[in-house]
file final04.pdb (PDB, C-alpha atoms and all ligand atoms)
ATOM      1  CA  MET A  14      18.457 -10.723  -0.472
ATOM      2  CA  PRO A  15      14.982 -11.340  -1.958
ATOM      3  CA  ASP A  16      14.234  -9.398  -5.092
ATOM      4  CA  ILE A  17      11.675  -6.970  -3.721
ATOM      5  CA  LEU A  18      14.051  -5.845  -0.955
ATOM      6  CA  ASN A  19      16.788  -5.505  -3.512
ATOM      7  CA  ASP A  20      14.472  -3.467  -5.679
ATOM      8  CA  TYR A  21      13.795  -1.037  -2.920
ATOM      9  CA  LYS A  22      17.383  -0.786  -1.720
ATOM     10  CA  ASN A  23      18.687  -0.351  -5.271
ATOM     11  CA  ALA A  24      15.882   1.830  -6.563
ATOM     12  CA  GLY A  25      17.745   5.049  -5.880
ATOM     13  CA  THR A  26      17.030   7.954  -3.629
ATOM     14  CA  VAL A  27      14.188   9.338  -5.710
ATOM     15  CA  LEU A  28      11.942   6.361  -5.103
ATOM     16  CA  GLN A  29      13.095   5.968  -1.526
ATOM     17  CA  ASP A  30      12.434   9.621  -0.776
ATOM     18  CA  ALA A  31       8.920   9.275  -2.144
ATOM     19  CA  VAL A  32       8.194   6.270   0.019
ATOM     20  CA  LYS A  33       9.690   8.044   3.030
ATOM     21  CA  THR A  34       7.404  11.010   2.428
ATOM     22  CA  LEU A  35       4.472   8.633   2.193
ATOM     23  CA  ARG A  36       5.594   7.171   5.509
ATOM     24  CA  THR A  37       5.865  10.623   7.087
ATOM     25  CA  ASN A  38       2.502  11.740   5.770
ATOM     26  CA  ILE A  39       0.846   8.654   7.185
ATOM     27  CA  ARG A  40       2.603   8.874  10.539
ATOM     28  CA  PHE A  41       1.733  12.502  11.068
ATOM     29  CA  SER A  42      -1.684  12.557   9.438
ATOM     30  CA  SER A  43      -3.420  12.129  12.756
ATOM     31  CA  VAL A  44      -1.633  13.424  15.817
ATOM     32  CA  ASP A  45      -4.325  12.515  18.340
ATOM     33  CA  ASN A  46      -4.936   9.003  17.063
ATOM     34  CA  PRO A  47      -1.714   7.528  15.692
ATOM     35  CA  ILE A  48      -2.200   5.490  12.542
ATOM     36  CA  LYS A  49      -1.205   1.933  13.411
ATOM     37  CA  THR A  50      -3.300  -0.204  11.073
ATOM     38  CA  ILE A  51      -3.242   0.842   7.437
ATOM     39  CA  VAL A  52      -5.301  -0.664   4.622
ATOM     40  CA  MET A  53      -3.812  -0.427   1.144
ATOM     41  CA  THR A  54      -6.322  -0.810  -1.643
ATOM     42  CA  SER A  55      -7.067   0.285  -5.186
ATOM     43  CA  VAL A  56      -9.881   0.476  -7.674
ATOM     44  CA  LEU A  57      -8.534  -1.984 -10.223
ATOM     45  CA  PRO A  58      -6.114  -4.901 -10.106
ATOM     46  CA  HIS A  59      -2.385  -4.313 -10.665
ATOM     47  CA  GLU A  60      -2.300  -0.700  -9.509
ATOM     48  CA  GLY A  61       0.647  -1.341  -7.203
ATOM     49  CA  LYS A  62      -0.924  -2.121  -3.802
ATOM     50  CA  SER A  63       1.385  -4.980  -2.902
ATOM     51  CA  THR A  64       4.489  -3.180  -4.128
ATOM     52  CA  LEU A  65       3.611  -0.029  -2.187
ATOM     53  CA  SER A  66       2.643  -2.056   0.886
ATOM     54  CA  ILE A  67       6.039  -3.737   0.875
ATOM     55  CA  PHE A  68       7.982  -0.526   0.208
ATOM     56  CA  LEU A  69       6.078   1.256   2.966
ATOM     57  CA  GLY A  70       6.739  -1.675   5.302
ATOM     58  CA  ILE A  71      10.460  -1.492   4.584
ATOM     59  CA  ALA A  72      10.470   2.280   5.112
ATOM     60  CA  MET A  73       8.619   1.961   8.427
ATOM     61  CA  ALA A  74      10.986  -0.771   9.610
ATOM     62  CA  GLU A  75      13.994   1.330   8.623
ATOM     63  CA  ILE A  76      13.088   3.939  11.225
ATOM     64  CA  GLY A  77      12.617   1.335  13.926
ATOM     65  CA  GLN A  78       8.863   0.903  13.600
ATOM     66  CA  LYS A  79       8.231  -2.787  14.147
ATOM     67  CA  THR A  80       6.025  -3.557  11.187
ATOM     68  CA  LEU A  81       3.802  -6.450  10.167
ATOM     69  CA  LEU A  82       2.551  -6.779   6.624
ATOM     70  CA  ILE A  83      -0.592  -8.922   6.476
ATOM     71  CA  GLU A  84      -1.704 -10.304   3.163
ATOM     72  CA  CYS A  85      -5.469  -9.908   3.125
ATOM     73  CA  ASP A  86      -5.634 -10.523  -0.606
ATOM     74  CA  CYS A  87      -6.669 -14.149  -0.620
ATOM     75  CA  ARG A  88      -7.873 -13.823  -4.195
ATOM     76  CA  LYS A  89      -4.403 -13.511  -5.605
ATOM     77  CA  PRO A  90      -1.769 -13.867  -2.902
ATOM     78  CA  MET A  91       1.615 -12.678  -4.095
ATOM     79  CA  LEU A  92       3.706 -11.911  -1.018
ATOM     80  CA  ARG A  93       5.391 -15.318  -1.104
ATOM     81  CA  ASN A  94       6.606 -14.568  -4.581
ATOM     82  CA  TYR A  95       7.631 -11.006  -3.873
ATOM     83  CA  PHE A  96       9.655 -12.066  -0.840
ATOM     84  CA  ASN A  97      10.617 -15.453  -2.217
ATOM     85  CA  ILE A  98       9.472 -17.151   0.976
ATOM     86  CA  ARG A  99       7.569 -20.396   1.500
ATOM     87  CA  PRO A 100       5.912 -20.095   4.918
ATOM     88  CA  GLN A 101       4.295 -23.236   6.241
ATOM     89  CA  TYR A 102       1.252 -21.394   7.591
ATOM     90  CA  GLY A 103      -0.710 -18.304   6.684
ATOM     91  CA  ILE A 104      -3.412 -15.946   7.888
ATOM     92  CA  MET A 105      -6.238 -18.442   7.384
ATOM     93  CA  ASP A 106      -4.525 -21.043   9.555
ATOM     94  CA  VAL A 107      -4.343 -18.449  12.333
ATOM     95  CA  LEU A 108      -7.938 -17.296  11.890
ATOM     96  CA  ARG A 109      -9.173 -20.870  11.914
ATOM     97  CA  ARG A 110      -7.212 -21.324  15.131
ATOM     98  CA  GLU A 111      -5.254 -24.160  13.626
ATOM     99  CA  VAL A 112      -1.932 -22.545  14.410
ATOM    100  CA  ALA A 113      -0.614 -19.855  16.752
ATOM    101  CA  ALA A 114       0.014 -16.478  15.162
ATOM    102  CA  ASP A 115       3.719 -16.499  15.974
ATOM    103  CA  LYS A 116       4.120 -19.750  14.029
ATOM    104  CA  ALA A 117       2.629 -18.204  10.896
ATOM    105  CA  VAL A 118       4.442 -14.865  10.992
ATOM    106  CA  VAL A 119       7.705 -14.856   9.058
ATOM    107  CA  HIS A 120      10.643 -12.507   9.538
ATOM    108  CA  THR A 121      11.925 -10.921   6.361
ATOM    109  CA  GLN A 122      15.486  -9.956   5.605
ATOM    110  CA  GLN A 123      14.515  -6.383   6.395
ATOM    111  CA  ALA A 124      15.052  -6.160  10.140
ATOM    112  CA  GLY A 125      11.816  -5.121  11.813
ATOM    113  CA  LEU A 126       9.547  -6.175   8.949
ATOM    114  CA  ASP A 127       7.505  -9.353   9.408
ATOM    115  CA  VAL A 128       4.992 -10.881   7.047
ATOM    116  CA  LEU A 129       1.818 -12.916   7.500
ATOM    117  CA  SER A 130       1.041 -14.304   4.084
ATOM    118  CA  SER A 131      -2.018 -15.905   2.598
ATOM    119  CA  THR A 132      -3.010 -18.705   0.320
ATOM    120  CA  VAL A 133      -5.883 -18.707  -2.143
ATOM    121  CA  LEU A 134      -9.370 -18.728  -0.656
ATOM    122  CA  ALA A 135     -12.452 -18.313  -2.827
ATOM    123  CA  ASN A 136     -14.632 -16.327  -0.439
ATOM    124  CA  PRO A 137     -12.600 -14.727   2.344
ATOM    125  CA  VAL A 138     -15.012 -11.890   3.220
ATOM    126  CA  GLU A 139     -16.695 -13.536   6.147
ATOM    127  CA  ILE A 140     -13.528 -14.632   7.889
ATOM    128  CA  LEU A 141     -11.697 -11.329   7.248
ATOM    129  CA  GLY A 142     -14.669  -9.438   8.677
ATOM    130  CA  SER A 143     -14.965 -11.723  11.691
ATOM    131  CA  GLU A 144     -14.419 -11.044  15.366
ATOM    132  CA  ARG A 145     -11.474 -13.402  15.188
ATOM    133  CA  MET A 146      -9.779 -11.142  12.678
ATOM    134  CA  GLN A 147     -10.356  -8.188  14.999
ATOM    135  CA  THR A 148      -8.964 -10.099  17.914
ATOM    136  CA  MET A 149      -5.927 -11.180  15.903
ATOM    137  CA  ILE A 150      -5.201  -7.587  14.849
ATOM    138  CA  GLY A 151      -5.664  -6.490  18.454
ATOM    139  CA  GLU A 152      -3.060  -9.019  19.567
ATOM    140  CA  PHE A 153      -0.646  -7.933  16.833
ATOM    141  CA  ASN A 154      -1.187  -4.329  17.872
ATOM    142  CA  LYS A 155       0.441  -5.141  21.190
ATOM    143  CA  ILE A 156       3.565  -6.386  19.416
ATOM    144  CA  TYR A 157       3.866  -4.174  16.344
ATOM    145  CA  ASP A 158       4.007  -0.416  15.866
ATOM    146  CA  VAL A 159       2.522  -0.579  12.376
ATOM    147  CA  ILE A 160       0.317  -3.156  10.636
ATOM    148  CA  ILE A 161      -0.176  -2.867   6.890
ATOM    149  CA  LEU A 162      -3.074  -4.766   5.325
ATOM    150  CA  ASP A 163      -2.610  -5.512   1.628
ATOM    151  CA  THR A 164      -6.070  -6.097   0.136
ATOM    152  CA  PRO A 165      -7.726  -6.920  -3.191
ATOM    153  CA  PRO A 166      -9.006  -4.081  -5.400
ATOM    154  CA  LEU A 167     -12.176  -2.534  -4.034
ATOM    155  CA  GLY A 168     -13.589  -2.070  -7.513
ATOM    156  CA  SER A 169     -14.004  -5.853  -7.684
ATOM    157  CA  PHE A 170     -14.153  -7.182  -4.140
ATOM    158  CA  ILE A 171     -15.513  -5.935  -0.836
ATOM    159  CA  GLU A 172     -12.716  -7.046   1.526
ATOM    160  CA  ALA A 173     -10.941  -3.683   1.602
ATOM    161  CA  ALA A 174     -14.077  -1.848   2.754
ATOM    162  CA  VAL A 175     -14.713  -4.436   5.448
ATOM    163  CA  LEU A 176     -11.151  -4.116   6.732
ATOM    164  CA  ALA A 177     -10.960  -0.341   6.249
ATOM    165  CA  SER A 178     -13.965   0.184   8.486
ATOM    166  CA  LYS A 179     -11.887  -1.150  11.368
ATOM    167  CA  ALA A 180      -8.430   0.127  10.439
ATOM    168  CA  ASP A 181      -6.938   3.433  11.542
ATOM    169  CA  GLY A 182      -6.420   4.601   7.973
ATOM    170  CA  THR A 183      -6.801   3.638   4.334
ATOM    171  CA  VAL A 184      -4.606   4.540   1.382
ATOM    172  CA  LEU A 185      -5.954   4.258  -2.143
ATOM    173  CA  VAL A 186      -3.327   3.404  -4.735
ATOM    174  CA  ILE A 187      -4.216   4.696  -8.154
ATOM    175  CA  ASN A 188      -2.385   3.876 -11.322
ATOM    176  CA  GLN A 189      -2.680   7.104 -13.205
ATOM    177  CA  GLY A 190      -2.801   5.369 -16.545
ATOM    178  CA  SER A 191      -5.617   2.956 -15.818
ATOM    179  CA  THR A 192      -8.111   4.264 -13.295
ATOM    180  CA  GLN A 193     -10.865   6.572 -14.397
ATOM    181  CA  ILE A 194     -11.613   9.410 -12.036
ATOM    182  CA  GLU A 195     -15.287   8.448 -11.756
ATOM    183  CA  ARG A 196     -14.410   4.969 -10.595
ATOM    184  CA  ALA A 197     -11.927   6.374  -8.109
ATOM    185  CA  ARG A 198     -14.617   8.688  -6.745
ATOM    186  CA  ALA A 199     -17.024   5.791  -6.420
ATOM    187  CA  VAL A 200     -14.468   3.789  -4.454
ATOM    188  CA  VAL A 201     -13.672   6.730  -2.154
ATOM    189  CA  SER A 202     -17.368   7.156  -1.469
ATOM    190  CA  GLN A 203     -17.725   3.412  -0.860
ATOM    191  CA  LEU A 204     -14.917   3.665   1.691
ATOM    192  CA  GLU A 205     -16.538   6.660   3.340
ATOM    193  CA  LYS A 206     -19.859   4.843   3.583
ATOM    194  CA  ALA A 207     -17.984   2.042   5.322
ATOM    195  CA  LYS A 208     -16.747   4.683   7.798
ATOM    196  CA  ALA A 209     -13.166   4.258   6.658
ATOM    197  CA  HIS A 210     -10.633   6.932   7.460
ATOM    198  CA  VAL A 211      -9.346   7.704   3.976
ATOM    199  CA  LEU A 212      -5.847   9.074   4.440
ATOM    200  CA  GLY A 213      -5.391   9.842   0.785
ATOM    201  CA  VAL A 214      -4.323   8.682  -2.606
ATOM    202  CA  VAL A 215      -1.020   7.451  -3.941
ATOM    203  CA  LEU A 216      -0.676   8.148  -7.623
ATOM    204  CA  ASN A 217       1.436   5.391  -9.035
ATOM    205  CA  ASN A 218       3.067   5.208 -12.432
ATOM    206  CA  VAL A 219       2.493   8.842 -13.310
ATOM    207  CA  GLU A 220       4.088  10.104 -16.475
ATOM    208  CA  MET A 221       4.941  13.694 -15.797
ATOM    209  CA  SER A 222       7.753  16.094 -16.501
ATOM    210  CA  SER A 223       9.224  17.991 -13.602
ATOM    211  CA  SER A 224       7.798  21.214 -14.970
ATOM    212  CA  ASP A 225       4.331  19.614 -14.849
ATOM    213  CA  TYR A 226       4.893  18.847 -11.221
ATOM    214  CA  TYR A 227       6.053  22.280 -10.278
ATOM    215  CA  TYR A 228       3.491  24.288 -12.129
ATOM    216  CA  SER A 229       0.470  22.933 -13.794
ATOM    217  CA  ASP A 230      -0.676  19.401 -13.261
ATOM    218  CA  TYR A 231      -4.070  18.456 -11.964
ATOM    219  CA  TYR A 232      -4.446  15.867  -9.353
ATOM    220  CA  TYR A 233      -7.124  13.951  -7.583
ATOM    221  CA  ARG A 234      -8.072  14.956  -4.122
ATOM    222  CA  ASP A 235     -11.191  14.573  -2.012
ATOM    223  CA  GLY A 236     -12.940  13.134  -5.036
ATOM    224  CA  ARG A 237     -12.385  16.287  -7.066
ATOM    225  CA  LYS A 238      -9.941  17.339  -9.686
ATOM    226  CA  LYS A 239      -7.953  20.342  -8.541
ATOM    227  CA  LYS A 240      -5.220  22.466  -9.919
ATOM    228  CA  ARG A 241      -1.998  21.895  -8.041
ATOM    229  CA  LYS A 242      -0.495  24.964  -6.465
ATOM    230  CA  HIS A 243       3.032  25.954  -7.176
ATOM    231  CA  LYS A 244       5.213  23.827  -4.965
ATOM    232  CA  SER A 245       6.302  26.723  -2.787
ATOM    233  CA  GLU A 246       2.668  27.706  -2.143
ATOM    234  CA  SER A 247       1.491  24.223  -1.395
ATOM    235  CA  THR A 248       0.652  23.155   2.115
ATOM    236  CA  GLU A 249       0.822  19.505   1.122
ATOM    237  CA  THR A 250       3.810  17.308   0.792
ATOM    238  CA  PRO A 251       3.410  15.565  -2.520
ATOM    239  CA  VAL A 252       6.035  13.037  -3.387
ATOM    240  CA  ASN A 253       7.207  12.589  -6.880
ATOM    241  CA  VAL A 254       9.204   9.672  -8.014
ATOM    242  CA  ARG A 255      10.629   9.495 -11.410
ATOM    243  CA  ARG A 256      12.133   6.120 -11.947
ATOM    244  CA  THR A 257      14.267   6.280 -14.991
ATOM    245  CA  SER A 258      15.781   3.257 -16.629
ATOM    246  CA  ALA A 259      18.931   4.013 -14.666
ATOM    247  CA  ASP A 260      16.964   3.691 -11.458
ATOM    248  CA  THR A 261      15.317   0.452 -12.409
ATOM    249  CA  GLY A 262      17.618  -1.987 -14.064
ATOM    250  CA  ARG A 263      15.838  -5.143 -12.981
ATOM    251  CA  THR A 264      12.776  -6.925 -14.193
ATOM    252  CA  ASN A 265      12.591  -9.982 -12.016
ATOM    253  CA  ASN A 266       9.290  -9.414 -10.249
ATOM    254  CA  GLY A 267       8.158  -6.650 -12.486
ATOM    255  CA  VAL A 268       8.559  -3.621 -10.243
ATOM    256  CA  GLN A 269      10.396  -1.987 -13.052
ATOM    257  CA  GLY A 270       7.838  -3.615 -15.220
ATOM    258  CA  ARG A 271       5.840  -2.329 -18.025
ATOM    259  CA  ASN A 272       8.148  -0.077 -19.940
ATOM    260  CA  THR A 273      11.272   1.935 -19.478
ATOM    261  CA  LYS A 274       9.684   5.333 -19.420
ATOM    262  CA  SER A 275       9.838   7.546 -16.399
ATOM    263  CA  ARG A 276       7.252   6.854 -13.803
ATOM    264  CA  LYS A 277       6.285   8.379 -10.557
ATOM    265  CA  ILE A 278       4.697   7.617  -7.328
ATOM    266  CA  THR A 279       3.020  10.603  -5.794
ATOM    267  CA  GLY A 280       2.723  10.480  -2.048
ATOM    268  CA  VAL A 281      -0.409  10.555  -0.011
ATOM    269  CA  GLU A 282      -2.468  13.598  -0.753
ATOM    270  CA  GLU A 283      -4.537  14.865   2.092
ATOM    271  CA  GLY A 284      -7.739  12.870   2.335
ATOM    272  CA  THR A 285     -11.036  13.109   4.131
ATOM    273  CA  GLU A 286     -11.237  13.001   7.880
ATOM    274  CA  LYS A 287     -13.307  10.414   9.656
TER
HETATM  275  N1  LIG A 301       5.636   2.459  -9.922
HETATM  276  C1  LIG A 301       5.749   1.323 -10.597
HETATM  277  N2  LIG A 301       6.540   1.283 -11.667
HETATM  278  C2  LIG A 301       6.678   0.159 -12.369
HETATM  279  N3  LIG A 301       6.074  -1.008 -12.104
HETATM  280  C3  LIG A 301       5.255  -1.036 -11.048
HETATM  281  C4  LIG A 301       5.060   0.102 -10.229
HETATM  282  N4  LIG A 301       4.190  -0.237  -9.232
HETATM  283  C5  LIG A 301       3.887  -1.540  -9.432
HETATM  284  N5  LIG A 301       4.511  -2.027 -10.519
HETATM  285  C6  LIG A 301       4.427  -3.383 -11.086
HETATM  286  O1  LIG A 301       3.073  -3.591 -11.457
HETATM  287  C7  LIG A 301       2.703  -4.944 -11.207
HETATM  288  C8  LIG A 301       1.537  -4.965 -10.237
HETATM  289  O2  LIG A 301       2.017  -4.469  -8.991
HETATM  290  P1  LIG A 301       1.440  -5.028  -7.636
HETATM  291  O3  LIG A 301       1.465  -6.512  -7.581
HETATM  292  O4  LIG A 301       2.099  -4.286  -6.546
HETATM  293  O5  LIG A 301      -0.059  -4.530  -7.823
HETATM  294  P2  LIG A 301      -1.336  -4.935  -7.011
HETATM  295  O6  LIG A 301      -2.207  -3.733  -7.011
HETATM  296  O7  LIG A 301      -0.944  -5.506  -5.707
HETATM  297  O8  LIG A 301      -1.953  -6.055  -7.952
HETATM  298  P3  LIG A 301      -3.139  -7.062  -7.595
HETATM  299  O9  LIG A 301      -4.413  -6.289  -7.744
HETATM  300  O10 LIG A 301      -2.992  -8.154  -8.610
HETATM  301  O11 LIG A 301      -2.923  -7.532  -6.185
HETATM  302  C9  LIG A 301       3.907  -5.658 -10.641
HETATM  303  O12 LIG A 301       4.583  -6.277 -11.698
HETATM  304  C10 LIG A 301       4.725  -4.507 -10.075
HETATM  305  O13 LIG A 301       6.075  -4.841 -10.037
HETATM  306 MG    MG A 302      -1.463  -7.290  -4.776
END

call {"tool": "encode", "arguments": {"input": "final04.pdb", "output": "structure tokens", "more": "lines below"}}
Ligand SMILES: Nc1ncnc2c1ncn2[C@@H]1O[C@H](COP(=O)(O)OP(=O)(O)OP(=O)(O)O)[C@@H](O)[C@H]1O
Ligand SMILES: [Mg+2]
result
Amino acid sequence: MPDILNDYKNAGTVLQDAVKTLRTNIRFSSVDNPIKTIVMTSVLPHEGKSTLSIFLGIAMAEIGQKTLLIECDCRKPMLRNYFNIRPQYGIMDVLRREVAADKAVVHTQQAGLDVLSSTVLANPVEILGSERMQTMIGEFNKIYDVIILDTPPLGSFIEAAVLASKADGTVLVINQGSTQIERARAVVSQLEKAKAHVLGVVLNNVEMSSSDYYYSDYYYRDGRKKKRKHKSESTETPVNVRRTSADTGRTNNGVQGRNTKSRKITGVEEGTEK
């Protein structure tokens, strides 16, 4: 089994529960207009977009949602490495009409999760924002229940805003240790100006004790810093993942990564409505 699938399957119930809550929050965030196409982006590089995109894709597929993960990060494509696959064709071949979509899509070892990967392209904005891209997504929408678009960081490149304007929802992944709140606010407002439907924020890599979580931490929501309510009073469903060294024994593709301290992924906080 490729490493990233192994990582998820072996990560332990704490991580899996967090990703499942993220899945639930996304699925039920809009009852009238189901969220089918989801853009994952961040402010800075390396905040965990690809990892979260893959984990969410696995979690969606696990409940029978036929899921396609499209790599729209042509700046630094990584899906091949994460899945240890070597597809002959990628998204650009499809968009340039050089190959049929079904020839470029690759099944993964997670039943129900397919991948359309990318190769490096210096300036992908025009083609990702094109009618052809829209048409391609429209065609995939007939086949898949969920389409996840993994994009480059919006703090550096515009692709995520272009794609988010047409997607059903956008999730901003924030690495608590690296992203300043002002920059996060600026990116949320950039998304809103692009008419994106910001579903919320995933806080990744949060160092927090359980008592912090239950009682007194502050968190980012709607561009403001707010005091979290006591869990029992809260109307939200925050997810907290604490991955201890026991949870994360591997290092192969770096999901366990930077150190052995506890880390968390907090699920989607309620975002702004379109
Ligand atoms: N919660 C986490 N705990 C530990 N390591 C993590 C976590 N989330 C992501 N990582 C690691 O951080 C690194 C960057 O993750 P990932 O590639 O998912 O980020 P990205 O936002 O897609 O980066 P890029 O901007 O380069 O596309 C990887 O080595 C990944 O394994
Ligand atoms: Mg990435």

call {"tool": "closest_residue", "arguments": {"input": "final04.pdb", "among": "A:Asn19, A:Asn38, A:Ser131, A:Ser143", "to": "ligand MG 302 (chain A)", "atoms": "all atoms listed in the file"}}
result
A:Ser131

call {"tool": "atom_distance", "arguments": {"input": "final04.pdb", "atom1": "atom CA of Leu108 of chain A", "atom2": "atom CA of Leu204 of chain A"}}
result
24.3 Å

call {"tool": "axis_aligned_box", "arguments": {"input": "final04.pdb", "around": "segment 25-42 of chain A", "padding_each_side": "3 Å", "output": "JSON"}}
result
{"center_x": 8.0, "center_y": 8.8, "center_z": 2.6, "size_x": 25.4, "size_y": 13.5, "size_z": 22.9}

call {"tool": "closest_residue", "arguments": {"input": "final04.pdb", "among": "A:Arg99, A:His210, A:Lys116, A:His59", "to": "ligand MG 302 (chain A)", "atoms": "only C-alpha atoms and all ligand atoms"}}
result
A:His59

call {"tool": "residues_near_ligand", "arguments": {"input": "final04.pdb", "ligand": "ligand MG 302 (chain A)", "cutoff": "8 Å", "atoms": "all atoms listed in the file", "output": "VMD selection string"}}
result
chain A and resid 58 to 59 61 to 64 86 89 to 92 163 to 165
